[in-house]
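Structure, as structure tokens:
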Amino acid sequence: MKNIVILISGTGSNMAAIVQAQRQQQWRERHQAEVVAVISNRADAAGLQKAQEAGLATQVVEHKSFPTREAFDAELARAVQAYDPALVVLAGFMRVLTPVFVQPFERRLINIHPSLLPAFPGLHTHQRALDAGCRFTGATVHWVTPELDAGPIIDQVAVPILPGDTAQSLTARVQTQEYLLYPRAILQALQKITA
Ligand code: GRF
């Protein structure tokens, strides 16, 4: 069985969509893959409760308890490794990871980013797309490398920007597409890993 560990920081709506897709598409039976744990860097992440309700193991590694990014990353790596993951999925995980975490999980670590990368890496992507006058934005799932939001692209979805859109309305429209994109991209990533 290929274990999947999901890292979150907040509402965990992508995580919930992945878990729902896994159930509906019978990943366990058809792909020998399953989400086994959800880990958050914040104890107050609403997604933790959603994960518990879905019957998943949850864990908190609070970044605030560590003096440096590297010390946090080392502990996070230990926590993740305990689940022997084939794939580690960042789903709204809002910490920049150092090579201390990225290197041991490279080529089995993926992220979802709310823009059509390589456009708009970093934060406030929807506002930046609006300010630039883009007609389309979207979301990208990519392999994580030490450089922020710069790893090889696995899959993307394009979303039109409509007259009157705000960062808020775009967030909502892009997220509905993220919920379809991420489960699909996870299966693509697993195929690459086992190929
Ligand atoms: C998503 O929009 C994702 O693209 C970005 O953070 C958001 C996470 O939302 N990286 P949620 O925690 O999955 O609800």
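Numbering starts fresh at 1 for the residues of each chain in the structure tokens, the chains themselves are lettered A, B, ... in the order given, and ligands are numbered from 1 as they appear.
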**Request:** Name all residues at most 10 Å from Glu75 (chain A) (count only C-alpha atoms; drop same-chain ones fewer than 5 positions away) and give them as number ranges by chain.
**Result:** A: 61-63, 66, 70, 80-81, 100-101
Restricted to all heavy atoms, what would the selected residues look like written as a compact mmCIF listing (two decimals), in the first residue's frame?
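Output file part-v8.txt is given in full below:
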```txt
# COMPACT_ATOMS: atom_id res chain seq x y z
N VAL A 61 2.48 19.57 14.62
CA VAL A 61 3.87 19.93 14.90
C VAL A 61 3.90 21.45 14.79
O VAL A 61 3.89 22.00 13.68
CB VAL A 61 4.86 19.30 13.90
CG1 VAL A 61 6.30 19.67 14.27
CG2 VAL A 61 4.70 17.78 13.86
N GLU A 62 3.84 22.12 15.93
CA GLU A 62 3.66 23.57 15.90
C GLU A 62 4.97 24.30 15.60
O GLU A 62 5.93 24.16 16.37
CB GLU A 62 3.05 24.05 17.21
CG GLU A 62 1.60 24.38 16.98
CD GLU A 62 0.92 25.00 18.17
OE1 GLU A 62 1.04 24.44 19.26
OE2 GLU A 62 0.26 26.02 17.96
N HIS A 63 4.95 25.07 14.51
CA HIS A 63 6.21 25.73 14.13
C HIS A 63 6.67 26.71 15.20
O HIS A 63 7.86 26.94 15.37
CB HIS A 63 6.06 26.42 12.77
CG HIS A 63 5.06 27.54 12.74
ND1 HIS A 63 3.73 27.36 12.50
CD2 HIS A 63 5.23 28.86 12.96
CE1 HIS A 63 3.10 28.52 12.55
NE2 HIS A 63 3.98 29.45 12.84
N PHE A 66 9.54 25.96 17.77
CA PHE A 66 10.92 25.70 17.36
C PHE A 66 11.66 27.01 17.10
O PHE A 66 11.08 27.95 16.57
CB PHE A 66 10.94 24.83 16.10
CG PHE A 66 10.35 23.47 16.36
CD1 PHE A 66 8.98 23.26 16.23
CD2 PHE A 66 11.15 22.42 16.79
CE1 PHE A 66 8.42 22.02 16.51
CE2 PHE A 66 10.60 21.18 17.07
CZ PHE A 66 9.23 20.98 16.94
N GLU A 70 14.75 25.45 10.37
CA GLU A 70 15.40 24.15 10.17
C GLU A 70 15.02 23.18 11.29
O GLU A 70 14.80 21.99 11.04
CB GLU A 70 16.93 24.31 10.10
CG GLU A 70 17.44 24.90 8.80
CD GLU A 70 17.24 26.42 8.67
OE1 GLU A 70 16.85 27.07 9.68
OE2 GLU A 70 17.47 26.93 7.57
N VAL A 80 6.49 13.03 9.66
CA VAL A 80 5.99 12.53 8.36
C VAL A 80 6.58 11.16 8.07
O VAL A 80 5.87 10.23 7.66
CB VAL A 80 6.33 13.55 7.23
CG1 VAL A 80 6.03 12.95 5.87
CG2 VAL A 80 5.54 14.84 7.43
N GLN A 81 7.88 11.01 8.29
CA GLN A 81 8.55 9.76 7.96
C GLN A 81 7.97 8.57 8.74
O GLN A 81 7.98 7.43 8.26
CB GLN A 81 10.06 9.90 8.23
CG GLN A 81 10.90 8.76 7.67
CD GLN A 81 10.60 8.45 6.19
OE1 GLN A 81 10.59 9.35 5.35
NE2 GLN A 81 10.34 7.19 5.87
N VAL A 100 16.05 21.07 4.63
CA VAL A 100 16.03 20.05 5.69
C VAL A 100 14.81 19.15 5.55
O VAL A 100 14.85 17.95 5.79
CB VAL A 100 16.05 20.71 7.10
CG1 VAL A 100 15.81 19.70 8.21
CG2 VAL A 100 17.34 21.47 7.31
N PHE A 101 13.69 19.72 5.09
CA PHE A 101 12.50 18.91 4.84
C PHE A 101 12.43 18.47 3.38
O PHE A 101 12.10 17.32 3.09
CB PHE A 101 11.22 19.68 5.20
CG PHE A 101 9.98 18.83 5.10
CD1 PHE A 101 9.54 18.09 6.19
CD2 PHE A 101 9.29 18.73 3.90
CE1 PHE A 101 8.43 17.26 6.08
CE2 PHE A 101 8.17 17.90 3.79
CZ PHE A 101 7.75 17.17 4.89
```
Listing only residues of chain A within 6 Å of ligand 1, what is the closest atom pair and its distance in Å (to one decimal) for each, using only C-alpha atoms and all ligand atoms, sorted by chain and residue number ascending, as JSON lines?
```
{"residue": "A:Gly10", "atom": "CA", "partner": "ligand 1", "partner_atom_place_in_ligand_line": "12 (O)", "distance": 4.6}
{"residue": "A:Thr11", "atom": "CA", "partner": "ligand 1", "partner_atom_place_in_ligand_line": "12 (O)", "distance": 4.2}
{"residue": "A:Gly12", "atom": "CA", "partner": "ligand 1", "partner_atom_place_in_ligand_line": "12 (O)", "distance": 3.6}
{"residue": "A:Ser13", "atom": "CA", "partner": "ligand 1", "partner_atom_place_in_ligand_line": "14 (O)", "distance": 3.6}
{"residue": "A:Asn14", "atom": "CA", "partner": "ligand 1", "partner_atom_place_in_ligand_line": "13 (O)", "distance": 3.6}
{"residue": "A:Met15", "atom": "CA", "partner": "ligand 1", "partner_atom_place_in_ligand_line": "13 (O)", "distance": 5.8}
{"residue": "A:Ala91", "atom": "CA", "partner": "ligand 1", "partner_atom_place_in_ligand_line": "13 (O)", "distance": 5.3}
{"residue": "A:Gly92", "atom": "CA", "partner": "ligand 1", "partner_atom_place_in_ligand_line": "8 (C)", "distance": 3.5}
{"residue": "A:Ile112", "atom": "CA", "partner": "ligand 1", "partner_atom_place_in_ligand_line": "4 (O)", "distance": 5.1}
{"residue": "A:His113", "atom": "CA", "partner": "ligand 1", "partner_atom_place_in_ligand_line": "4 (O)", "distance": 4.4}
{"residue": "A:Pro114", "atom": "CA", "partner": "ligand 1", "partner_atom_place_in_ligand_line": "4 (O)", "distance": 4.1}
{"residue": "A:Gln175", "atom": "CA", "partner": "ligand 1", "partner_atom_place_in_ligand_line": "2 (O)", "distance": 5.6}
```
Mind dumping the selected residues with C-alpha atoms as a PDB file, in the first residue's frame?
```pdb
ATOM      1  CA  GLY A  10      -5.966  25.958   7.702  1.00  0.00           C
ATOM      2  CA  THR A  11      -9.422  24.989   6.546  1.00  0.00           C
ATOM      3  CA  GLY A  12      -8.281  21.856   4.751  1.00  0.00           C
ATOM      4  CA  SER A  13     -10.885  22.014   2.012  1.00  0.00           C
ATOM      5  CA  ASN A  14      -8.428  20.550  -0.520  1.00  0.00           C
ATOM      6  CA  MET A  15      -7.570  17.798   1.949  1.00  0.00           C
ATOM      7  CA  ALA A  91      -2.578  21.267   0.766  1.00  0.00           C
ATOM      8  CA  GLY A  92      -2.721  24.834   2.028  1.00  0.00           C
ATOM      9  CA  ILE A 112      -0.951  23.044  -5.032  1.00  0.00           C
ATOM     10  CA  HIS A 113      -0.486  26.706  -5.885  1.00  0.00           C
ATOM     11  CA  PRO A 114      -3.344  29.064  -6.825  1.00  0.00           C
ATOM     12  CA  GLN A 175     -10.917  26.459  -5.415  1.00  0.00           C
TER      13      GLN A 175
END
```
**Item:** Counting only C-alpha atoms, the residue of A:Thr166, A:Thr194, A:Gln103, A:Thr176 that sits nearest Ala139 (chain A)
**Value:**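 Under the stated criterion, the closest residue is A:Thr176.
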**Message:** Just want the 8 Å neighbourhood of Leu130 (chain A), counted on only C-alpha atoms, with same-chain residues fewer than 3 positions away dropped. Output as a list in words.
**Reply:** His126, Gln127, Gly133, Cys134, Ile161, Thr166 and Ala167 of chain A
Written selection (N, CA and C atoms) as a PDB file, in the first residue's frame:
```
ATOM      1  N   HIS A 126      -4.234  35.858  -6.629  1.00  0.00           N
ATOM      2  CA  HIS A 126      -5.428  36.284  -7.369  1.00  0.00           C
ATOM      3  C   HIS A 126      -5.442  37.806  -7.554  1.00  0.00           C
ATOM      4  N   GLN A 127      -5.068  38.533  -6.520  1.00  0.00           N
ATOM      5  CA  GLN A 127      -5.010  39.997  -6.645  1.00  0.00           C
ATOM      6  C   GLN A 127      -3.973  40.395  -7.684  1.00  0.00           C
ATOM      7  N   GLY A 133      -4.182  42.425 -15.186  1.00  0.00           N
ATOM      8  CA  GLY A 133      -5.137  42.403 -16.301  1.00  0.00           C
ATOM      9  C   GLY A 133      -5.251  41.055 -16.984  1.00  0.00           C
ATOM     10  N   CYS A 134      -4.889  39.978 -16.274  1.00  0.00           N
ATOM     11  CA  CYS A 134      -4.967  38.637 -16.879  1.00  0.00           C
ATOM     12  C   CYS A 134      -6.412  38.294 -17.218  1.00  0.00           C
ATOM     13  N   ILE A 161     -11.058  34.814 -15.815  1.00  0.00           N
ATOM     14  CA  ILE A 161     -11.308  35.970 -14.953  1.00  0.00           C
ATOM     15  C   ILE A 161     -12.428  36.773 -15.616  1.00  0.00           C
ATOM     16  N   THR A 166     -13.297  39.813  -8.025  1.00  0.00           N
ATOM     17  CA  THR A 166     -12.427  40.287  -6.949  1.00  0.00           C
ATOM     18  C   THR A 166     -11.538  39.115  -6.550  1.00  0.00           C
ATOM     19  N   ALA A 167     -10.556  39.411  -5.700  1.00  0.00           N
ATOM     20  CA  ALA A 167      -9.684  38.321  -5.223  1.00  0.00           C
ATOM     21  C   ALA A 167     -10.542  37.247  -4.549  1.00  0.00           C
TER      22      ALA A 167
END
```
**Request:** Write out as a ChimeraX atom specification which residues come within 9 Å of His31 (chain A) when counting only C-alpha atoms, dropping same-chain ones fewer than 2 positions away.
**Result:** /A:1-2,26-29,33-34,187,190
**Fill in**
Expressed in Å, the length from CA of Glu147 (chain A) to CA of Pro67 (chain A) is 22.2 Å
**Item:** Which of region 22-170 of chain A DSSP labels strand (DSSP E or B), written as a PyMOL selection string
**Value:** chain A and resi 33-40+57-60+85-90+109-113+136-143+153-160
**Message:** Here is a test: counting only C-alpha atoms, which residue of A:Pro183, A:Val96, A:Thr171, A:Pro85 is nearest to Val36 (chain A)?
**Reply:**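 Ranking A:Pro183, A:Val96, A:Thr171, A:Pro85 by distance to Val36 (chain A), first place goes to A:Pro85.
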